[in-house]
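*Asks:* Below is the structure I would like to discuss, written out as structure tokens.
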Amino acid sequence: MNQLNFPLLSLLLVLPLAGAVLVALLPRERAGSIKGVAFATALAVLALSLPLYFGFRAGAPGFQFEEQAAWVPGLAIGYHVGIDGISLFLVLLTALLTAAAVLSSWTAIAEQVKEYMILMLLMETAMLGVFVALDLFLFYVFWEASLVPMALLIGRWGGQRRVYAAIKFFLFTLAGSSLMLVAAIVLYLQGGTSDLPALLSTPLPAGLQLWLFAAFALAFAVKVPLFPFHTWLPAAHVEAPTAGSVILAGVLLKMGAYGYLRFALPLFPAAIPAFAPWLSILALIGIVYGALVALAQEDVKSLVAYSSVAHMGFIVLGIFALTAQAASGAVLQMVNHGLSTGALFLLVGVLYERRHTRLLSEYGGVWAKVPIFGSFFIITALSSAGLPGMNGFVGEFTILLGTFRVNVAYAAVATFGIVLAAWYLLTAVRRALFGPLNPANAALADMTPREIAVMLPLVAFFFVIGLFPNLFFEKINPATEGLASRAGQTAVVATLGE
């Protein structure tokens, strides 16, 4: 398909929209048909995304599966999409988690099912668009388009404080996006185009690069979210419906980290020496702070939410270590975090559907009643904690190794964060599964075949990535090597100039 110029990426973007239209045409009372169409659409997107992996040529220069068309020709703004080794697996992750999220909502969502499924499919198009857009304004459109469906999902189908969480999420993200829009306009005026490959070869004054990098970096820091811009995340995660939490942690947070790799680093290399140390320090603070706060949580969903702050800190640290090895680990860890944390939120949702509480004190000893759930919970916790042989270990170890080569102190602090992660995750496992059985859980039912089907693909990838990481690194490495080379050369030139 890559060689025949088949518009695969455009089809991936259009298919969820078509599914949303079909859902909109169905009668509201046919909830089963609405769910079936939404899930079939998500599965079709997942199936259609697989040729991206098998058709992707590792080591080939530039972007692949590219498509270009005039959008606003008078302003040199175009429709330009394509992928490289950085975006490839984020597209695949989005397709997988969306299908899992839709299936997990089968019984959890009982009201306004039609609107819910339409929003899920619209959000899938927006998220995919963020990862394939190679035009600055096209990227911004998809970036903003992903904000509205998630805010509506939280505000309508969330918990008791859902309106507060939705508004906070919306305002924080919108504020960051506004800065990015201003910087994008300035960049467009400087280069005369919004096409990313053309902008990469546009010379920019070093002073201007500092300001533009700051604007983009702040927008992406809010989305990651990087400490201290993380305060919207716990409320959004805790109040969101289960599927919303899965998508928020699994995909939306990755958009910020992806933005650093796709735009901030390659477009403004002269600003990297000034900002990289500070962003690395904020990442380290996030790693330790997120882990310590997670350790103190009584609500298991809040615990997983704060764990995201810590794990995303690892990813940002890998990005700003400015080595190809650490950057490759960061890209893979984006996928790992999406799988592991998405699975944790799904499992929390399984418990909540049965007991309508997320407090760890309400559980204990449930292993005897729900051994299938317990097995999935232990495996997922070990994956998130970075057990050797599983996906989390590969990503974190690669980040640490790449960071160690340039800053031993940073790597040491991050390693302490791994110890804390094992502490809070295993504490949650112990309190939920073991000890005396709470009589309130005596009739707790184990996972259904549908819930098992949601979890199995995610768990399978824990081991596929952990045991065969080169299936991923062979496609990621060429892109991160080019990025690190560009950043490293600029840093050397800036140092010599001083």
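In the structure tokens, chains take the letters A, B, ... in the order shown, each chain's residues start at 1, and ligands count up from 1 in the order shown.
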Could you give me, as a PyMOL selection string, the residues within 8 Å of Val224 of chain A, counting only C-alpha atoms and dropping anything in the same chain fewer than 5 positions from it?
*Replies:* chain A and resi 230+253-257+312
*Asks:* Identify, on the basis of only C-alpha atoms, every residue whose closest approach to Ala385 of chain A does not exceed 7 Å; exclude the query and any residue fewer than 5 positions from it along the same chain; express the result as a PyMOL selection string.
*Replies:* chain A and resi 392+418+421-422+425
*Asks:* Emit the selected residues as a PDB file, in the first residue's frame, including C-alpha atoms.
*Replies:*
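Output file result.pdb is given in full below:
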ATOM      1  CA  GLY A 392       7.724  -1.551  31.206  1.00  0.00           C
ATOM      2  CA  ILE A 418      11.204   2.963  39.824  1.00  0.00           C
ATOM      3  CA  ALA A 421       6.583   2.684  41.634  1.00  0.00           C
ATOM      4  CA  ALA A 422       7.059  -0.910  42.733  1.00  0.00           C
ATOM      5  CA  LEU A 425       1.746  -0.742  42.901  1.00  0.00           C
TER       6      LEU A 425
END
*Asks:* Leaving out segment 206-209 of chain A and any residue of its chain fewer than 5 positions from it, which residues lie within 6 Å of it when counting only C-alpha atoms, given as a count of residues only?
*Replies:* 3
*Asks:* With segment 327-342 of chain A as the partner and 10 Å as the cut-off, tabulate the residues of segment 64-147 of chain A that qualify, each row holding the nearest pair of atoms and their distance in Å to one decimal, using only C-alpha atoms, sorted by chain and rising number, as a tab-separated table.
*Replies:*
residue	atom	partner	partner_atom	distance
A:Gly85	CA	A:Val331	CA	8.9
A:Ile86	CA	A:Val331	CA	6.4
A:Ser87	CA	A:Val331	CA	8.6
A:Phe89	CA	A:Val335	CA	7.0
A:Leu90	CA	A:Val335	CA	6.7
A:Val91	CA	A:Val335	CA	9.9
A:Leu92	CA	A:Val335	CA	9.1
A:Leu93	CA	A:Val335	CA	6.5
A:Thr94	CA	A:Gly338	CA	8.9
A:Leu96	CA	A:Leu339	CA	9.2
A:Leu97	CA	A:Gly342	CA	7.6
A:Ala100	CA	A:Gly342	CA	9.2
A:Ala101	CA	A:Gly342	CA	8.9
*Asks:* Can I get the selected residues back with N, CA and C atoms, as a tab-separated table (two decimals), in the first residue's frame?
*Replies:*
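Once written, selection.tsv looks like this:
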chain	number	residue	atom	x	y	z
A	85	GLY	N	8.96	6.47	12.35
A	85	GLY	CA	9.05	5.51	13.43
A	85	GLY	C	8.55	6.03	14.76
A	86	ILE	N	8.46	7.35	14.90
A	86	ILE	CA	7.95	7.93	16.14
A	86	ILE	C	6.44	7.84	16.21
A	87	SER	N	5.77	8.13	15.11
A	87	SER	CA	4.31	8.16	15.11
A	87	SER	C	3.66	6.82	14.80
A	89	PHE	N	3.82	3.71	16.02
A	89	PHE	CA	3.25	2.89	17.10
A	89	PHE	C	2.21	3.66	17.90
A	90	LEU	N	2.23	4.99	17.84
A	90	LEU	CA	1.19	5.76	18.51
A	90	LEU	C	-0.13	5.65	17.75
A	91	VAL	N	-0.06	5.55	16.43
A	91	VAL	CA	-1.26	5.30	15.64
A	91	VAL	C	-1.84	3.92	15.97
A	92	LEU	N	-0.97	2.92	16.02
A	92	LEU	CA	-1.43	1.57	16.34
A	92	LEU	C	-2.00	1.51	17.76
A	93	LEU	N	-1.35	2.18	18.70
A	93	LEU	CA	-1.83	2.21	20.08
A	93	LEU	C	-3.21	2.86	20.15
A	94	THR	N	-3.41	3.96	19.44
A	94	THR	CA	-4.71	4.64	19.43
A	94	THR	C	-5.81	3.72	18.92
A	96	LEU	N	-5.86	0.41	18.90
A	96	LEU	CA	-6.08	-0.69	19.84
A	96	LEU	C	-6.86	-0.24	21.06
A	97	LEU	N	-6.45	0.87	21.68
A	97	LEU	CA	-7.10	1.31	22.90
A	97	LEU	C	-8.52	1.82	22.65
A	100	ALA	N	-10.64	-1.25	22.57
A	100	ALA	CA	-10.78	-1.76	23.94
A	100	ALA	C	-11.73	-0.88	24.75
A	101	ALA	N	-11.63	0.43	24.59
A	101	ALA	CA	-12.47	1.35	25.35
A	101	ALA	C	-13.93	1.22	24.97
*Asks:* Determine which residues of segment 287-431 of chain A receive a DSSP assignment of helix (DSSP H, G or I), computed from the backbone, and state them as a ChimeraX atom specification.
*Replies:* /A:287-295,300-320,324-355,360-362,366-368,371-385,391-404,408-431
*Asks:* Just the selected residues (C-alpha atoms), exported as a short mmCIF file (atom, residue, chain, number, x, y, z; two decimals), in the first residue's frame, please.
*Replies:*
data_model
loop_
_atom_site.label_atom_id
_atom_site.label_comp_id
_atom_site.auth_asym_id
_atom_site.auth_seq_id
_atom_site.Cartn_x
_atom_site.Cartn_y
_atom_site.Cartn_z
CA ILE A 287 8.70 11.13 38.76
CA VAL A 288 9.31 11.37 42.50
CA TYR A 289 6.34 13.57 43.37
CA GLY A 290 3.85 11.48 41.39
CA ALA A 291 5.09 8.26 42.98
CA LEU A 292 5.00 9.64 46.54
CA VAL A 293 1.48 11.04 46.13
CA ALA A 294 0.32 7.77 44.52
CA LEU A 295 1.65 5.93 47.56
CA VAL A 300 -7.21 3.18 43.59
CA LYS A 301 -8.20 5.21 40.54
CA SER A 302 -6.51 8.27 42.00
CA LEU A 303 -3.44 6.11 42.64
CA VAL A 304 -3.29 5.14 38.96
CA ALA A 305 -3.83 8.79 37.97
CA TYR A 306 -0.83 10.00 39.98
CA SER A 307 1.21 7.08 38.65
CA SER A 308 0.68 8.62 35.21
CA VAL A 309 2.39 11.82 36.39
CA ALA A 310 5.39 9.74 37.42
CA HIS A 311 5.51 7.56 34.31
CA MET A 312 5.13 10.50 31.94
CA GLY A 313 8.06 12.08 33.76
CA PHE A 314 10.20 9.16 32.60
CA ILE A 315 9.13 9.79 29.02
CA VAL A 316 9.98 13.51 29.15
CA LEU A 317 13.32 12.68 30.77
CA GLY A 318 14.10 10.32 27.90
CA ILE A 319 13.21 12.96 25.34
CA PHE A 320 15.43 15.67 26.85
CA ALA A 324 19.00 8.46 20.45
CA GLN A 325 18.88 5.61 22.95
CA ALA A 326 16.86 7.55 25.52
CA ALA A 327 14.56 8.98 22.85
CA SER A 328 13.84 5.49 21.49
CA GLY A 329 13.08 4.35 25.02
CA ALA A 330 10.74 7.32 25.45
CA VAL A 331 8.81 6.45 22.28
CA LEU A 332 8.46 2.83 23.33
CA GLN A 333 7.54 3.86 26.87
CA MET A 334 4.71 5.96 25.48
CA VAL A 335 3.27 2.76 24.07
CA ASN A 336 4.05 0.83 27.25
CA HIS A 337 2.36 3.39 29.47
CA GLY A 338 -0.69 3.42 27.24
CA LEU A 339 -1.01 -0.36 27.48
CA SER A 340 -0.23 -0.78 31.18
CA THR A 341 -2.07 2.23 32.58
CA GLY A 342 -4.97 1.69 30.21
CA ALA A 343 -5.22 -1.88 31.50
CA LEU A 344 -5.09 -0.68 35.12
CA PHE A 345 -7.98 1.71 34.52
CA LEU A 346 -9.96 -1.06 32.84
CA LEU A 347 -9.44 -3.29 35.87
CA VAL A 348 -10.46 -0.51 38.25
CA GLY A 349 -13.60 -0.14 36.15
CA VAL A 350 -14.34 -3.86 36.52
CA LEU A 351 -14.29 -3.51 40.30
CA TYR A 352 -16.28 -0.28 40.27
CA GLU A 353 -19.08 -1.78 38.16
CA ARG A 354 -19.54 -4.49 40.79
CA ARG A 355 -19.02 -2.60 44.06
CA LEU A 360 -8.82 0.15 48.79
CA SER A 361 -10.17 -0.19 52.32
CA GLU A 362 -13.37 -1.65 50.87
CA VAL A 366 -10.83 -10.72 46.94
CA TRP A 367 -8.33 -13.08 45.27
CA ALA A 368 -10.33 -16.02 46.61
CA PRO A 371 -8.91 -15.21 40.69
CA ILE A 372 -9.10 -14.23 37.00
CA PHE A 373 -9.32 -10.57 37.91
CA GLY A 374 -6.55 -11.03 40.46
CA SER A 375 -4.26 -12.61 37.89
CA PHE A 376 -4.78 -9.76 35.44
CA PHE A 377 -4.28 -7.20 38.21
CA ILE A 378 -0.98 -8.70 39.36
CA ILE A 379 0.36 -9.04 35.80
CA THR A 380 -0.62 -5.46 34.93
CA ALA A 381 0.89 -4.06 38.14
CA LEU A 382 4.17 -5.88 37.44
CA SER A 383 4.14 -4.56 33.89
CA SER A 384 3.67 -0.99 35.13
CA ALA A 385 6.38 -1.49 37.78
CA ASN A 391 7.16 -4.11 28.44
CA GLY A 392 7.72 -1.55 31.21
CA PHE A 393 11.23 -2.81 31.89
CA VAL A 394 12.38 -2.42 28.29
CA GLY A 395 11.20 1.17 28.00
CA GLU A 396 12.42 2.38 31.38
CA PHE A 397 15.77 0.61 31.16
CA THR A 398 16.45 2.11 27.73
CA ILE A 399 15.57 5.58 29.00
CA LEU A 400 17.81 5.17 32.04
CA LEU A 401 20.69 3.82 29.98
CA GLY A 402 20.47 6.70 27.51
CA THR A 403 20.21 9.22 30.36
CA PHE A 404 23.10 7.66 32.30
CA VAL A 408 24.47 10.08 36.09
CA ALA A 409 22.61 12.13 38.74
CA TYR A 410 19.43 12.32 36.62
CA ALA A 411 19.53 8.58 36.03
CA ALA A 412 20.00 7.91 39.76
CA VAL A 413 16.97 9.99 40.76
CA ALA A 414 14.84 8.34 38.06
CA THR A 415 15.94 4.90 39.29
CA PHE A 416 14.67 5.82 42.76
CA GLY A 417 11.34 6.56 41.09
CA ILE A 418 11.20 2.96 39.82
CA VAL A 419 11.61 1.71 43.40
CA LEU A 420 8.74 3.94 44.52
CA ALA A 421 6.58 2.68 41.63
CA ALA A 422 7.06 -0.91 42.73
CA TRP A 423 6.18 0.15 46.28
CA TYR A 424 2.82 1.81 45.52
CA LEU A 425 1.75 -0.74 42.90
CA LEU A 426 2.52 -3.79 45.04
CA THR A 427 0.87 -2.08 48.02
CA ALA A 428 -2.30 -1.69 45.96
CA VAL A 429 -2.12 -5.36 44.93
CA ARG A 430 -1.67 -6.48 48.54
CA ARG A 431 -4.50 -4.36 49.90
#
*Asks:* Name the residues in contact with segment 115-118 of chain A at a cut-off of 7 Å, using only C-alpha atoms, excluding same-chain residues fewer than 6 positions from it; report them as number ranges by chain.
*Replies:* A: 20, 23, 38
*Asks:* Kindly save the residues from that selection, with C-alpha atoms included, as a compact mmCIF listing (two decimals), in the first residue's frame.
*Replies:*
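The result, written out as selection_8.txt:
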# COMPACT_ATOMS: atom_id res chain seq x y z
CA ALA A 20 -20.09 8.19 13.87
CA VAL A 23 -24.42 5.66 14.67
CA ALA A 38 -19.28 1.59 17.14
*Asks:* Have a look at A:Leu467, A:Leu75, A:Leu199, A:Met447 and name the one nearest to Gly389 of chain A; count only C-alpha atoms.
*Replies:*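 Once distances to Gly389 of chain A are computed over only C-alpha atoms, the minimum belongs to A:Leu467.
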*Asks:* Please identify all polymer residues within 12 Å of Gly78 of chain A, counting only C-alpha atoms, omitting same-chain residues fewer than 2 positions from it, and present them as a PyMOL selection string.
*Replies:* chain A and resi 67-76+80-81+133-139+193-196+198
*Asks:* Could you take the residues named above and write them with C-alpha atoms, as a short mmCIF file (atom, residue, chain, number, x, y, z; two decimals), in the first residue's frame?
*Replies:*
data_model
loop_
_atom_site.label_atom_id
_atom_site.label_comp_id
_atom_site.auth_asym_id
_atom_site.auth_seq_id
_atom_site.Cartn_x
_atom_site.Cartn_y
_atom_site.Cartn_z
CA GLU A 67 -0.43 12.10 1.27
CA GLN A 68 -0.61 15.72 0.18
CA ALA A 69 -3.40 17.91 -1.15
CA ALA A 70 -4.16 21.62 -1.28
CA TRP A 71 -6.31 22.80 1.62
CA VAL A 72 -5.96 26.60 1.63
CA PRO A 73 -3.67 27.05 -1.37
CA GLY A 74 -3.73 30.84 -1.22
CA LEU A 75 -2.13 30.70 2.23
CA ALA A 76 0.22 27.76 1.55
CA HIS A 80 -0.24 16.72 4.50
CA VAL A 81 -0.14 13.46 6.45
CA ALA A 133 -0.49 15.49 10.56
CA LEU A 134 2.58 17.02 8.89
CA ASP A 135 1.08 20.47 8.45
CA LEU A 136 1.26 22.76 11.45
CA PHE A 137 -2.31 24.06 11.20
CA LEU A 138 -3.72 20.65 10.37
CA PHE A 139 -2.03 19.38 13.53
CA THR A 193 4.25 27.89 4.86
CA SER A 194 2.78 25.61 7.49
CA ASP A 195 4.24 22.43 5.99
CA LEU A 196 6.48 20.73 8.56
CA ALA A 198 9.54 22.81 4.63
#
*Asks:* Go through A:Ala219, A:Leu52, A:Ile77, A:Ala18 one by one, measure the shortest atom-to-atom distance of each to Leu189 of chain A using only C-alpha atoms, and give the residue with the smallest value.
*Replies:*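 Checking each of A:Ala219, A:Leu52, A:Ile77, A:Ala18 against Leu189 of chain A, counting only C-alpha atoms, the winner is A:Ile77.
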*Asks:* So which residues of segment 47-276 of chain A fall under strand (DSSP E or B) by DSSP, listed as a list in words?
*Replies:*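 After running DSSP on the backbone, segment 47-276 of chain A has strand (DSSP E or B) at Gln64, Phe65, Glu66, Glu67, Gln68, Ala69, Ala70, Trp71, Val72, Ile77, Gly78, Tyr79, His80, Val81, Gly82, Ile83, Ala133, Asp135 and Asp195 of chain A.
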*Asks:* Could you tell me how far atom CA of Gly482 of chain A sits from atom CA of Ile272 of chain A, in Å to one decimal place?
*Replies:*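 Atom CA of Gly482 of chain A lies 15.2 Å from atom CA of Ile272 of chain A.
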*Asks:* Give me, as number ranges by chain, all polymer residues having an atom no more than 12 Å from Gly176 of chain A, counting only C-alpha atoms and skipping those fewer than 5 positions away in the same chain.
*Replies:* A: 140, 143-144, 147, 169-171, 181-183, 214-225, 229, 256
*Asks:* Would you pick out the contacts of segment 148-160 of chain A at 8 Å or less, using only C-alpha atoms, so that residues sharing its chain but fewer than 2 positions from it are not included, and give the list as a PyMOL selection string?
*Replies:* chain A and resi 109+116+119-120+122-123+144-146+162-167+169-170+236+238-241+244+248
*Asks:* Pick from A:Leu444, A:Ser245, A:Glu481, A:Gly19: nearest to His356 of chain A, with only C-alpha atoms counted?
*Replies:*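 Selected residue with least distance to His356 of chain A: A:Leu444.
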